[in-house]
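Trainee: I'm passing along upload_19.csv; it holds CSV, C-alpha atoms and all ligand atoms.
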chain,number,residue,atom,x,y,z
A,1007,MET,CA,0.0,0.0,0.0
A,1008,PRO,CA,1.6,3.4,-1.0
A,1009,ALA,CA,2.1,5.7,1.9
A,1010,GLY,CA,0.1,8.9,1.6
A,1011,LEU,CA,-0.8,11.1,4.5
A,1012,LEU,CA,-4.1,10.0,6.1
A,1013,ASP,CA,-3.9,11.4,9.6
A,1014,ILE,CA,-1.7,12.8,12.3
A,1015,GLU,CA,-2.5,10.1,14.8
A,1016,SER,CA,-0.3,7.5,13.1
A,1017,LEU,CA,2.7,9.8,12.6
A,1018,SER,CA,5.5,9.8,15.1
A,1019,ARG,CA,6.9,12.9,16.6
A,1020,ASN,CA,9.9,12.5,14.4
A,1021,ASP,CA,7.7,12.4,11.3
A,1022,VAL,CA,6.0,15.6,12.3
A,1023,GLU,CA,9.3,17.2,13.0
A,1024,ALA,CA,10.7,16.1,9.6
A,1025,ILE,CA,7.7,17.6,7.8
A,1026,LEU,CA,7.9,20.8,9.8
A,1027,ALA,CA,11.6,21.2,9.1
A,1028,ARG,CA,11.0,20.7,5.4
A,1029,SER,CA,8.1,23.2,5.5
A,1030,LYS,CA,10.4,25.8,7.0
A,1031,PHE,CA,12.8,25.2,4.1
A,1032,PHE,CA,9.9,26.0,1.6
A,1033,GLN,CA,8.8,29.1,3.4
A,1034,PRO,CA,9.7,32.2,1.4
A,1035,ALA,CA,12.0,34.7,2.9
A,1036,ALA,CA,10.3,38.0,4.1
A,1037,GLY,CA,9.1,40.0,1.2
A,1038,GLN,CA,9.8,37.2,-1.3
A,1039,THR,CA,7.4,35.0,-3.2
A,1040,PHE,CA,7.6,31.2,-3.2
A,1041,LYS,CA,10.4,29.7,-5.4
A,1042,ARG,CA,9.3,27.6,-8.3
A,1043,LEU,CA,11.1,24.2,-8.2
A,1044,ASP,CA,11.4,21.2,-10.5
A,1045,THR,CA,11.2,18.6,-7.8
A,1046,LEU,CA,8.0,17.0,-9.0
A,1047,ARG,CA,8.2,17.8,-12.7
A,1048,GLY,CA,6.3,15.2,-14.8
A,1049,ARG,CA,4.2,14.2,-11.8
A,1050,THR,CA,0.4,14.6,-11.7
A,1051,VAL,CA,-1.7,15.2,-8.6
A,1052,VAL,CA,-5.5,15.0,-8.6
A,1053,ASN,CA,-7.3,17.2,-6.1
A,1054,LEU,CA,-10.7,15.6,-5.4
A,1055,PHE,CA,-13.0,17.6,-3.3
A,1056,PHE,CA,-16.4,16.2,-2.3
A,1057,GLU,CA,-16.9,19.1,0.2
A,1058,SER,CA,-16.5,22.8,-0.3
A,1059,SER,CA,-13.2,24.4,0.2
A,1060,THR,CA,-11.4,27.7,-0.6
A,1061,ARG,CA,-8.1,27.6,1.3
A,1062,THR,CA,-7.2,24.0,1.3
A,1063,ARG,CA,-7.9,23.2,-2.3
A,1064,THR,CA,-6.1,26.4,-3.6
A,1065,SER,CA,-3.3,25.8,-1.3
A,1066,PHE,CA,-2.7,22.2,-2.5
A,1067,GLU,CA,-2.9,23.5,-6.1
A,1068,ILE,CA,-0.3,26.2,-5.5
A,1069,ALA,CA,1.9,23.9,-3.6
A,1070,ALA,CA,1.9,21.3,-6.3
A,1071,ARG,CA,2.7,23.9,-9.0
A,1072,ARG,CA,5.5,25.4,-7.0
A,1073,LEU,CA,7.1,22.0,-7.0
A,1074,GLY,CA,6.7,21.7,-10.8
A,1075,ALA,CA,3.9,19.1,-10.7
A,1076,ASP,CA,0.7,19.2,-12.8
A,1077,ILE,CA,-2.5,19.3,-10.7
A,1078,LEU,CA,-6.1,19.2,-11.6
A,1079,SER,CA,-9.0,19.8,-9.3
A,1080,ILE,CA,-12.3,18.0,-9.4
A,1081,THR,CA,-15.2,19.1,-7.2
A,1082,ALA,CA,-18.1,16.8,-6.6
A,1083,ALA,CA,-20.7,19.4,-7.9
A,1084,GLY,CA,-19.2,19.4,-11.4
A,1085,SER,CA,-18.3,15.7,-11.6
A,1086,SER,CA,-20.1,12.4,-12.1
A,1087,VAL,CA,-20.5,12.1,-8.3
A,1088,SER,CA,-23.5,14.4,-8.9
A,1089,LYS,CA,-24.8,11.8,-11.3
A,1090,GLY,CA,-24.8,9.1,-8.6
A,1091,GLU,CA,-21.4,7.5,-9.2
A,1092,SER,CA,-20.2,5.8,-6.0
A,1093,LEU,CA,-17.0,6.9,-4.3
A,1094,VAL,CA,-15.2,3.7,-5.2
A,1095,ASP,CA,-16.2,4.0,-8.8
A,1096,THR,CA,-15.1,7.6,-9.0
A,1097,LEU,CA,-11.8,6.8,-7.4
A,1098,ASN,CA,-11.2,3.7,-9.6
A,1099,THR,CA,-11.9,5.8,-12.7
A,1100,LEU,CA,-9.4,8.4,-11.6
A,1101,GLY,CA,-7.0,5.7,-10.6
A,1102,ALA,CA,-7.1,4.2,-14.1
A,1103,MET,CA,-5.7,7.6,-15.3
A,1104,ARG,CA,-2.7,6.9,-13.1
A,1105,PRO,CA,-2.1,10.1,-11.2
A,1106,ASP,CA,0.9,10.0,-8.9
A,1107,ALA,CA,-1.2,11.1,-5.9
A,1108,ILE,CA,-4.8,12.0,-4.9
A,1109,VAL,CA,-5.6,14.7,-2.5
A,1110,MET,CA,-9.1,14.2,-1.2
A,1111,ARG,CA,-11.7,15.8,1.0
A,1112,HIS,CA,-14.8,14.0,1.9
A,1113,SER,CA,-17.7,14.4,4.4
A,1114,ALA,CA,-17.4,10.7,5.6
A,1115,SER,CA,-14.9,10.1,8.4
A,1116,GLY,CA,-12.5,7.4,7.3
A,1117,ALA,CA,-13.2,7.8,3.5
A,1118,PRO,CA,-9.5,8.3,2.5
A,1119,HIS,CA,-8.4,5.4,4.8
A,1120,PHE,CA,-11.0,3.1,3.2
A,1121,LEU,CA,-9.9,4.0,-0.3
A,1122,SER,CA,-6.2,3.8,0.4
A,1123,ARG,CA,-6.7,0.1,1.0
A,1124,TYR,CA,-8.0,-0.4,-2.6
A,1125,LEU,CA,-6.1,2.1,-4.7
A,1126,PRO,CA,-2.4,1.7,-5.5
A,1127,ILE,CA,-2.0,5.5,-5.4
A,1128,PRO,CA,-1.0,7.5,-2.3
A,1129,ILE,CA,-3.8,9.5,-0.8
A,1130,VAL,CA,-3.4,12.8,1.1
A,1131,ASN,CA,-6.3,13.5,3.4
A,1132,ALA,CA,-7.5,17.1,3.0
A,1133,GLY,CA,-10.2,16.6,5.7
A,1134,ASP,CA,-12.5,13.6,6.3
A,1135,GLY,CA,-15.8,14.3,8.1
A,1136,THR,CA,-15.2,15.0,11.8
A,1137,HIS,CA,-12.1,12.8,11.9
A,1138,GLU,CA,-8.9,14.5,10.8
A,1139,HIS,CA,-7.4,17.3,8.8
A,1140,PRO,CA,-3.6,16.5,9.0
A,1141,THR,CA,-2.2,19.4,6.9
A,1142,GLN,CA,-4.2,21.9,8.9
A,1143,ALA,CA,-2.6,20.7,12.1
A,1144,LEU,CA,0.8,20.8,10.5
A,1145,LEU,CA,0.4,24.4,9.3
A,1146,ASP,CA,-1.0,25.4,12.6
A,1147,ALA,CA,2.1,24.0,14.3
A,1148,LEU,CA,4.4,25.8,11.8
A,1149,THR,CA,2.6,29.1,12.5
A,1150,ILE,CA,3.0,28.6,16.3
A,1151,ILE,CA,6.7,27.7,15.9
A,1152,ASP,CA,7.2,30.8,13.7
A,1153,ARG,CA,6.0,33.1,16.5
A,1154,ARG,CA,7.1,31.2,19.6
A,1155,GLY,CA,10.2,29.3,18.5
A,1156,SER,CA,9.0,25.9,19.5
A,1157,LEU,CA,6.0,24.0,20.9
A,1158,ASP,CA,7.8,23.3,24.2
A,1159,GLY,CA,6.0,24.3,27.4
A,1160,LEU,CA,3.0,25.9,25.7
A,1161,ARG,CA,-0.6,26.0,26.9
A,1162,ILE,CA,-3.0,26.0,24.0
A,1163,ALA,CA,-6.8,26.7,24.2
A,1164,ILE,CA,-9.0,25.2,21.5
A,1165,ILE,CA,-12.4,26.9,21.6
A,1166,GLY,CA,-15.7,26.2,19.8
A,1167,ASP,CA,-17.4,23.3,18.2
A,1168,ILE,CA,-14.8,20.7,19.2
A,1169,ALA,CA,-17.2,17.8,18.6
A,1170,HIS,CA,-17.5,18.3,14.9
A,1171,SER,CA,-14.0,19.6,14.2
A,1172,ARG,CA,-11.4,17.5,12.4
A,1173,VAL,CA,-9.1,20.5,12.9
A,1174,ALA,CA,-9.4,20.1,16.6
A,1175,ARG,CA,-8.8,16.3,16.5
A,1176,SER,CA,-5.7,16.6,14.3
A,1177,ASN,CA,-4.3,19.4,16.5
A,1178,ILE,CA,-4.9,17.4,19.7
A,1179,PHE,CA,-3.0,14.5,18.2
A,1180,LEU,CA,-0.2,16.7,17.0
A,1181,LEU,CA,0.2,18.9,20.1
A,1182,SER,CA,0.0,16.0,22.5
A,1183,LYS,CA,3.0,14.4,20.8
A,1184,PHE,CA,5.0,17.5,21.9
A,1185,GLY,CA,3.6,17.6,25.5
A,1186,VAL,CA,1.6,20.7,25.0
A,1187,GLN,CA,-0.9,21.5,27.7
A,1188,ILE,CA,-4.2,21.5,25.9
A,1189,VAL,CA,-7.5,23.0,27.1
A,1190,LEU,CA,-10.7,22.3,25.2
A,1191,CYS,CA,-13.6,24.8,25.6
A,1192,GLY,CA,-17.1,25.2,24.2
A,1193,PRO,CA,-20.7,24.5,25.0
A,1194,ALA,CA,-20.9,21.2,27.0
A,1195,SER,CA,-22.9,19.7,24.0
A,1196,LEU,CA,-19.9,20.4,21.7
A,1197,VAL,CA,-17.0,19.3,23.9
A,1198,PRO,CA,-17.1,15.5,24.1
A,1199,SER,CA,-15.3,14.1,27.1
A,1200,GLU,CA,-13.9,11.2,25.1
A,1201,LEU,CA,-11.5,13.6,23.5
A,1202,ALA,CA,-9.8,14.1,26.9
A,1203,SER,CA,-8.6,10.5,26.7
A,1204,ILE,CA,-6.5,11.1,23.6
A,1205,ALA,CA,-3.7,12.3,25.8
A,1206,PRO,CA,-3.1,12.7,29.5
A,1207,GLY,CA,-3.7,16.1,31.0
A,1208,ILE,CA,-6.2,17.5,28.5
A,1209,GLU,CA,-8.5,19.9,30.3
A,1210,LEU,CA,-12.2,20.5,29.4
A,1211,THR,CA,-14.1,23.6,30.3
A,1212,THR,CA,-17.2,25.6,29.4
A,1213,ASP,CA,-15.7,28.8,30.7
A,1214,ILE,CA,-13.9,30.8,28.0
A,1215,PHE,CA,-12.1,32.9,30.6
A,1216,LYS,CA,-10.7,29.8,32.2
A,1217,ALA,CA,-9.6,28.5,28.9
A,1218,ILE,CA,-7.7,31.6,27.9
A,1219,ASP,CA,-6.1,32.1,31.3
A,1220,ASN,CA,-2.3,31.8,30.7
A,1221,ALA,CA,-2.8,30.4,27.2
A,1222,HIS,CA,0.0,31.1,24.7
A,1223,VAL,CA,-2.3,30.3,21.8
A,1224,ILE,CA,-6.0,30.6,21.4
A,1225,MET,CA,-7.4,28.5,18.5
A,1226,MET,CA,-10.9,29.3,17.5
A,1227,LEU,CA,-13.1,27.0,15.6
A,1228,ARG,CA,-16.0,27.5,13.3
A,1229,VAL,CA,-19.4,26.3,14.4
A,1230,GLN,CA,-19.9,23.4,11.9
A,1231,LEU,CA,-23.7,23.8,11.4
A,1232,GLU,CA,-23.5,21.5,8.4
A,1233,ARG,CA,-22.5,18.6,10.7
A,1234,GLN,CA,-24.9,19.4,13.5
A,1235,HIS,CA,-28.1,17.4,13.2
A,1236,GLU,CA,-29.9,19.4,15.8
A,1237,ALA,CA,-29.0,22.9,17.2
A,1238,ALA,CA,-26.3,22.2,19.8
A,1239,PHE,CA,-26.4,25.7,21.3
A,1240,PRO,CA,-28.8,28.7,20.6
A,1241,ALA,CA,-27.2,30.6,17.7
A,1242,ASN,CA,-28.0,34.0,19.1
A,1243,GLU,CA,-26.3,33.2,22.4
A,1244,TYR,CA,-23.1,31.6,21.0
A,1245,PHE,CA,-21.2,34.8,20.5
A,1246,GLN,CA,-22.0,36.0,24.0
A,1247,PHE,CA,-20.5,32.9,25.6
A,1248,PHE,CA,-17.9,31.6,23.2
A,1249,GLY,CA,-17.2,34.4,20.7
A,1250,LEU,CA,-13.6,35.8,21.1
A,1251,ARG,CA,-13.7,39.5,21.8
A,1252,PRO,CA,-11.3,42.3,22.8
A,1253,GLU,CA,-12.3,41.9,26.5
A,1254,HIS,CA,-10.9,38.3,26.4
A,1255,ILE,CA,-7.7,39.4,24.8
A,1256,GLU,CA,-7.2,42.0,27.5
A,1257,ARG,CA,-7.4,39.2,30.1
A,1258,ALA,CA,-5.0,36.9,28.1
A,1259,LYS,CA,-1.2,36.9,28.0
A,1260,PRO,CA,0.0,40.1,26.3
A,1261,ASP,CA,1.7,38.1,23.5
A,1262,VAL,CA,-1.1,35.5,23.0
A,1263,ILE,CA,-1.6,34.3,19.4
A,1264,VAL,CA,-5.1,34.0,18.0
A,1265,MET,CA,-5.6,31.4,15.3
A,1266,HIS,CA,-8.6,30.2,13.2
A,1267,PRO,CA,-8.5,27.6,10.4
A,1268,GLY,CA,-11.0,29.6,8.4
A,1269,PRO,CA,-13.5,30.3,7.1
A,1270,ILE,CA,-14.2,32.7,9.9
A,1271,ASN,CA,-17.7,33.9,10.8
A,1272,ARG,CA,-17.3,37.4,12.2
A,1273,GLY,CA,-19.7,38.1,15.0
A,1274,ARG,CA,-20.3,34.4,15.6
A,1275,GLU,CA,-17.1,32.8,16.9
A,1276,ILE,CA,-14.7,35.8,16.7
A,1277,SER,CA,-15.1,39.6,16.6
A,1278,SER,CA,-13.6,41.6,13.7
A,1279,GLU,CA,-11.5,43.6,16.2
A,1280,VAL,CA,-9.8,40.4,17.3
A,1281,ALA,CA,-9.6,38.7,13.8
A,1282,ASP,CA,-8.0,41.8,12.4
A,1283,SER,CA,-5.7,42.6,15.3
A,1284,GLN,CA,-1.9,42.2,15.7
A,1285,ARG,CA,-2.6,39.2,17.8
A,1286,SER,CA,-4.2,37.3,14.9
A,1287,ALA,CA,-2.1,34.8,12.9
A,1288,ILE,CA,-5.0,33.8,10.7
A,1289,LEU,CA,-3.4,35.0,7.4
A,1290,ASN,CA,0.0,33.5,8.5
A,1291,GLN,CA,-1.8,30.2,8.8
A,1292,VAL,CA,-3.1,30.5,5.2
A,1293,GLU,CA,0.4,31.4,3.9
A,1294,ASN,CA,2.0,28.6,5.8
A,1295,GLY,CA,-0.5,26.1,4.3
A,1296,ILE,CA,1.5,26.3,1.0
A,1297,ALA,CA,4.9,25.5,2.6
A,1298,VAL,CA,3.4,22.6,4.6
A,1299,ARG,CA,1.6,21.2,1.5
A,1300,MET,CA,4.8,21.4,-0.5
A,1301,ALA,CA,6.6,19.4,2.2
A,1302,VAL,CA,3.8,16.9,2.3
A,1303,LEU,CA,3.5,16.4,-1.4
A,1304,GLU,CA,7.3,16.1,-1.7
A,1305,ARG,CA,7.3,13.5,1.0
A,1306,VAL,CA,4.5,11.5,-0.5
A,1307,LEU,CA,5.7,11.6,-4.1
A,1308,MET,CA,9.4,11.3,-3.6
A,1309,GLN,CA,9.3,8.2,-1.3
A,1401,LIG,C1,-11.6,23.6,8.1
A,1401,LIG,C2,-12.2,22.4,7.5
A,1401,LIG,O1,-12.6,22.3,6.4
A,1401,LIG,O2,-12.1,21.4,8.2
A,1401,LIG,N1,-11.3,24.6,7.1
A,1401,LIG,C3,-10.1,24.6,6.5
A,1401,LIG,O3,-9.7,23.6,5.9
A,1401,LIG,N2,-9.3,25.6,6.5
A,1401,LIG,C4,-12.4,24.2,9.2
A,1401,LIG,C5,-13.8,24.6,8.9
A,1401,LIG,O4,-14.4,24.3,7.8
A,1401,LIG,O5,-14.4,25.1,9.8
Using the file provided, produce a representation of the structure as structure tokens.
Ligand code: NCD
Mentor:
Amino acid sequence: MPAGLLDIESLSRNDVEAILARSKFFQPAAGQTFKRLDTLRGRTVVNLFFESSTRTRTSFEIAARRLGADILSITAAGSSVSKGESLVDTLNTLGAMRPDAIVMRHSASGAPHFLSRYLPIPIVNAGDGTHEHPTQALLDALTIIDRRGSLDGLRIAIIGDIAHSRVARSNIFLLSKFGVQIVLCGPASLVPSELASIAPGIELTTDIFKAIDNAHVIMMLRVQLERQHEAAFPANEYFQFFGLRPEHIERAKPDVIVMHPGPINRGREISSEVADSQRSAILNQVENGIAVRMAVLERVLMQ
């Protein structure tokens, strides 16, 4: 079975460090644009997105091109998936065209794992249901390391709809490999206690002030309404209890970093004042996505 990148859980700390080191290498120097390289010349990557995406899909496209690969993007709405073709048939069809790797996003948790058992082509998971989003956690780690130097000794608050967030799960797996102190915060209905068992010492709270107290990083999450089958918390009260606002930043560490994987909903999980402030690393995360995906594609295709 070819090794793609399906999740963070099965990576070792060394694997993560190797990908992050290579990502650093691909980061452009200040004021420069990304270099265009020939590393993957002649290789073809298929981006197959069964769920909507702006950042992740574009970022994989740019990353592949910067490495000299050809990449084509297929979205479910414009493909035969909308004509009722099954996932396995779509993937087999694409597999018969022999791309060198498939980057896929799907609403079913485990879809890329399932397909990787059938297809002789490496698969990179760009988000599967509520399960994992490995490149997001890697780019988040790179962004934190850029600002803090390392992950050592950090306390990181992850706030919002934890239950439906593949970003939260991948981050919990990654950060716990580095001994980061993690606190998960959100409405009780959206913070499943099972997540605390991923690693020792994970704290759970419904009090945002407790979560941000002494945190070096605050990671906000989008309320994933598309995955909530019944309203988990009254929409009009969410911002009052869990929306990040200037009054929270005033109570946090003076150099706290605010992150969000995007897309952000201003006035629901974060206020504009905070999203656009000096403390926000949201656009740095987007930029780092390209370097991280270059490192991942290189690793997957050059093995
Ligand atoms: C995230 C996703 O799709 O999981 N977005 C992203 O990839 N940047 C988070 C989200 O949709 O809320």
Trainee: Excluding stretch 1014-1030 of chain A and any residue of its chain fewer than 4 positions from it, enumerate the residues within 7 Å of it, using all atoms listed in the file, and give them as a list in words.
Mentor: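 What passes the distance filter is Pro1140, Leu1148, Ser1176, Phe1179, Leu1180, Lys1183, Ala1297, Val1298, Ala1301 and Val1302 of chain A.
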Trainee: Near stretch 1267-1274 of chain A, counting all atoms listed in the file, which residues have an atom at most 8 Å away, once you skip same-chain residues fewer than 4 positions from it, shown as a VMD selection string?
Mentor: chain A and resid 1061 1142 1173 1226 to 1228 1244 to 1245 1249 1278 1281 1288 1291
Trainee: Show me, as a ChimeraX atom specification, the residues that have an atom within 9 Å of A:Ser1113 when counting all atoms listed in the file, minus same-chain residues fewer than 2 positions from it.
Mentor: /A:1056-1057,1111,1115,1117,1133-1136,1233
Trainee: Leaving out A:Arg1063 and any residue of its chain fewer than 4 positions from it, which residues lie within 12 Å of it when counting only C-alpha atoms, given as a count of residues only?
Mentor: 32
Trainee: List every protein, DNA or RNA residue that has an atom no more than 12 Å from (8.5, 25.1, 27.1) in the file's coordinate frame, counting only C-alpha atoms, and report them as a PyMOL selection string.
Mentor: chain A and resi 1151+1154-1162+1184-1187+1222
Trainee: For stretch 1099-1103 of chain A, work out the shell of residues within 9 Å, counting all atoms listed in the file and skipping chain neighbours fewer than 6 positions away, then give it as a list in words.
Mentor: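 The contact residues come out as Val1052, Leu1125, Pro1126 and Ile1127 of chain A.
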Trainee: How about saving the chosen residues, C-alpha atoms kept, as a PDB file, in the coordinates of the input?
Mentor:
ATOM      1  CA  VAL A1052      -5.500  15.000  -8.600  1.00  0.00           C
ATOM      2  CA  LEU A1125      -6.100   2.100  -4.700  1.00  0.00           C
ATOM      3  CA  PRO A1126      -2.400   1.700  -5.500  1.00  0.00           C
ATOM      4  CA  ILE A1127      -2.000   5.500  -5.400  1.00  0.00           C
TER       5      ILE A1127
END
Trainee: Select, counting only C-alpha atoms, all protein, DNA and RNA residues no farther than 7 Å from (6.7, 31.4, 5.6) in file coordinates, and express the selection as a PyMOL selection string.
Mentor: chain A and resi 1030+1033-1035+1293-1294+1297
Trainee: Identify which of the residues A:Ile1129, A:Met1300, A:Ile1164, A:Leu1231 lies closest to ligand LIG 1401 (chain A), counting all atoms listed in the file when measuring atom-to-atom distances.
Mentor: A:Leu1231
Trainee: Using all atoms listed in the file, pick whichever of A:Asn1098, A:Asp1146, A:Thr1039, A:Asp1076 has the shortest atom-to-atom distance to ligand LIG 1401 (chain A).
Mentor: A:Asp1146
Trainee: Between atom CA of A:Leu1210 and atom CA of A:Val1189, what is the distance in Å, rounded to a tenth?
Mentor: 5.8 Å
Trainee: Counting all atoms listed in the file, which of A:Ile1218, A:Ala1174, A:Ile1255, A:Leu1201 gets nearest to ligand LIG 1401 (chain A)?
Mentor: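 The closest residue to ligand LIG 1401 (chain A) is A:Ala1174.
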Trainee: Taking all atoms listed in the file into account, name the residue in A:Gly1090, A:Gly1166, A:Pro1105, A:Pro1118 that is nearest to A:Gly1048.
Mentor: A:Pro1105
